[in-house]
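Colleague: This structure is in structure tokens; I'll ask about it shortly.
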Amino acid sequence: MRLADEYRTDIASIGRIQVSSAGGMRVPLERLARISVVEGPSTIQREWAKRRVTVQANVRGRDVGSFVADVRRTIDERVSLPPGYYVRFGGQFEHLEQAQRRLMIVIPLALILIFGLLYLSFRSVSDAARIFLAVPLAVIGGVFALWIRGLPFSISAAVGFIALSGVSVLNALVLVSTMRQMLSAGIPAAEAIPAAAERRLRPVLMTALVASLGFVPMALNTGIGAEVQRPLATVVIGGVISSTILTLFVLPVIYALAEGRGRRREPEREREPAAVLS
């Protein structure tokens, strides 16, 4: 044990270690190498046959994406890496990048599916587009809610926007269905559209309250998992509120304008006398 400690601390002792040569001679190590004491890592880690040094940090009070962006900018400005050295960010940031790549596929696919289901329900591109208008109206409220609370746009917030897209369509679906029923019954558009908005006011508000109040505990959570729950719940609550208000006011106006334009585009031949064959 004492001999091992001596080899760890005394350079001269290490230099006297005998090394066998190819010819069988015993040569001291100090004749073959330059021995010095330097500071280095206690352990050497390798990944894919390459040495690796891990620097860990916990991010609090801000999102991981902006933190990594600041770290990269600081490294580029102040650190000069030797040839062969490079910096790679892993952990939560690596998972964030993977989730972002998946969301670039999931979000457009979800929106396409929503629009496709609306078209299959009404067999009308115009009506499906009018109902689908609730999605951007909901996105406005979700973004505004994140800005009000000072929350970053994270993966959980993106998932909240996907859920919000489905919830926000419900109110517009209820309203447009009632409008179509009244118009099919022969009621003029000027009377059917305000009447449908008034008749469906209570169901729309009930749907919005159920969807938003259910996420209030998540939005106010400060315990374990709050960094995931709060952005998601904030997006849903803000989006449901904005989509409900704007759907009750904007959607009837757009529907009325579309109906009026459709009537003006009616073929002129319907007003001309029909030809009589004798």
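Numbering starts fresh at 1 for the residues of each chain in the structure tokens, the chains themselves are lettered A, B, ... in the order given, and ligands are numbered from 1 as they appear.
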When you look at stretch 169-176 of chain A with a cut-off of 6 Å (counting only C-alpha atoms), what residues show up, excluding the ones that are within fewer than 3 positions of it in the same chain? I need them as a ChimeraX atom specification.

Modeller: /A:131,134,166,179,204

Colleague: Excluding same-chain residues fewer than 4 positions from A:Val159, what lies within 12 Å of it counting only C-alpha atoms, as a ChimeraX atom specification?

Modeller: /A:99-100,102-104,106-107,110,142,153-155,163-166,228-236

Colleague: List as a list in words the protein and nucleic acid residues near A:Val210, meaning an atom at most 12 Å away when only C-alpha atoms are counted, but skip any in the same chain fewer than 6 places from it.

Modeller: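 Within the cut-off, the hits are Val167, Pro203, Val204, Val216, Val236, Ile237, Val240 and Ile241 of chain A.
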
Colleague: For stretch 49-65 of chain A, please output as an MDAnalysis selection string all residues within 8 Å (counting only C-alpha atoms; exclusion window: fewer than 5 positions along the same chain).

Modeller: chainID A and resid 44 92:93 96 152 154

Colleague: What does the file look like for those residues with C-alpha atoms, as a compact mmCIF listing (two decimals), in the first residue's frame?

Modeller:
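And here's part37.txt as it stands now:
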# COMPACT_ATOMS: atom_id res chain seq x y z
CA ILE A 44 -12.06 9.28 -18.39
CA GLN A 92 -33.45 17.77 -21.92
CA PHE A 93 -32.32 19.90 -24.85
CA LEU A 96 -36.54 18.97 -26.96
CA PRO A 152 -41.98 30.22 -22.93
CA SER A 154 -42.26 24.72 -24.96

Colleague: Which of stretch 1-212 of chain A end up as strand (DSSP E or B) when DSSP is run on this backbone - answer as JSON, numbers by chain?

Modeller: {"A": [18, 19, 20, 26, 27, 28, 45, 46, 47, 50, 51, 52]}

Colleague: Taking C-alpha atoms for each residue, export the selection above as a PDB file, in the first residue's frame.

Modeller:
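What follows is the written file part_19.pdb:
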ATOM      1  CA  GLN A  18      11.668  -1.042 -14.910  1.00  0.00           C
ATOM      2  CA  VAL A  19      10.211  -1.704 -18.350  1.00  0.00           C
ATOM      3  CA  SER A  20      11.140  -4.750 -20.409  1.00  0.00           C
ATOM      4  CA  ARG A  26      15.203  -3.821 -18.295  1.00  0.00           C
ATOM      5  CA  VAL A  27      15.045  -0.059 -18.897  1.00  0.00           C
ATOM      6  CA  PRO A  28      13.882   2.615 -16.408  1.00  0.00           C
ATOM      7  CA  GLN A  45     -15.402   8.685 -20.092  1.00  0.00           C
ATOM      8  CA  ARG A  46     -15.798   7.548 -23.660  1.00  0.00           C
ATOM      9  CA  GLU A  47     -18.680   7.482 -26.097  1.00  0.00           C
ATOM     10  CA  LYS A  50     -14.195   9.205 -28.225  1.00  0.00           C
ATOM     11  CA  ARG A  51     -13.308  10.857 -24.958  1.00  0.00           C
ATOM     12  CA  ARG A  52     -16.062  12.851 -23.366  1.00  0.00           C
TER      13      ARG A  52
END

Colleague: One number please: atom CA of A:Gly141 to atom CA of A:Leu120, in Å, one decimal.

Modeller: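 Between atom CA of A:Gly141 and atom CA of A:Leu120 the gap is 27.7 Å.
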
Colleague: What are the DSSP helix (DSSP H, G or I) residues of stretch 46-139 of chain A, as a CSV table (one decimal) with C-alpha atoms, in the first residue's frame?

Modeller:
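Generated file (selection-v3.csv):
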chain,number,residue,atom,x,y,z
A,64,VAL,CA,-34.1,25.3,-22.1
A,65,GLY,CA,-34.0,26.4,-25.7
A,66,SER,CA,-33.1,30.1,-25.0
A,67,PHE,CA,-30.6,29.0,-22.3
A,68,VAL,CA,-28.8,26.8,-24.8
A,69,ALA,CA,-28.8,29.6,-27.4
A,70,ASP,CA,-27.1,31.9,-24.9
A,71,VAL,CA,-24.6,29.3,-24.0
A,72,ARG,CA,-23.7,28.6,-27.6
A,73,ARG,CA,-23.3,32.3,-28.3
A,74,THR,CA,-21.0,32.7,-25.2
A,75,ILE,CA,-18.9,29.7,-26.2
A,76,ASP,CA,-18.5,31.1,-29.7
A,77,GLU,CA,-17.4,34.5,-28.4
A,78,ARG,CA,-15.2,33.6,-25.5
A,92,GLN,CA,-33.5,17.8,-21.9
A,93,PHE,CA,-32.3,19.9,-24.9
A,94,GLU,CA,-31.7,16.8,-27.0
A,95,HIS,CA,-35.2,15.5,-26.1
A,96,LEU,CA,-36.5,19.0,-27.0
A,97,GLU,CA,-35.0,18.9,-30.4
A,98,GLN,CA,-36.4,15.4,-31.1
A,99,ALA,CA,-39.8,16.4,-29.9
A,100,GLN,CA,-39.7,19.5,-32.2
A,101,ARG,CA,-39.0,17.4,-35.2
A,102,ARG,CA,-41.9,15.1,-34.4
A,103,LEU,CA,-44.2,18.1,-33.8
A,104,MET,CA,-43.4,19.4,-37.3
A,105,ILE,CA,-45.2,16.3,-38.6
A,106,VAL,CA,-47.9,15.8,-35.9
A,107,ILE,CA,-49.3,19.4,-35.9
A,108,PRO,CA,-49.9,19.6,-39.7
A,109,LEU,CA,-51.3,16.1,-39.7
A,110,ALA,CA,-53.7,17.0,-36.8
A,111,LEU,CA,-55.0,20.1,-38.6
A,112,ILE,CA,-55.5,18.1,-41.8
A,113,LEU,CA,-57.4,15.5,-40.0
A,114,ILE,CA,-59.6,18.1,-38.3
A,115,PHE,CA,-60.5,19.7,-41.6
A,116,GLY,CA,-61.1,16.4,-43.2
A,117,LEU,CA,-63.5,15.3,-40.5
A,118,LEU,CA,-65.3,18.7,-40.8
A,119,TYR,CA,-65.7,18.2,-44.6
A,120,LEU,CA,-67.0,14.6,-44.1
A,121,SER,CA,-69.6,16.0,-41.6
A,122,PHE,CA,-71.0,18.8,-43.8
A,125,VAL,CA,-65.6,23.0,-48.2
A,126,SER,CA,-67.0,26.4,-47.4
A,127,ASP,CA,-68.7,25.3,-44.2
A,128,ALA,CA,-65.6,23.3,-43.1
A,129,ALA,CA,-63.4,26.3,-43.7
A,130,ARG,CA,-65.8,28.5,-41.7
A,131,ILE,CA,-65.7,26.2,-38.7
A,132,PHE,CA,-61.9,25.7,-39.1
A,134,ALA,CA,-62.0,28.8,-34.9
A,135,VAL,CA,-58.5,27.3,-34.9
A,136,PRO,CA,-56.5,30.5,-35.7
A,137,LEU,CA,-58.9,32.4,-33.4
A,138,ALA,CA,-58.0,30.0,-30.6
A,139,VAL,CA,-54.3,30.3,-31.3

Colleague: Using Å and a single decimal, report how far atom CA of A:Ala208 sits from atom CA of A:Arg180.

Modeller: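 Going from atom CA of A:Arg180 over to atom CA of A:Ala208 covers 21.8 Å.
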
Colleague: Report, in Å with one decimal, the straight-line distance from atom CA of A:Leu151 to atom CA of A:Ala211.

Modeller: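 Computed distance, atom CA of A:Leu151 to atom CA of A:Ala211, equals 20.6 Å.
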
Colleague: Measuring atom to atom with only C-alpha atoms, identify which of A:Ala226, A:Pro217, A:Ser80, A:Ser242 is nearest to A:Ser156.

Modeller: A:Ala226
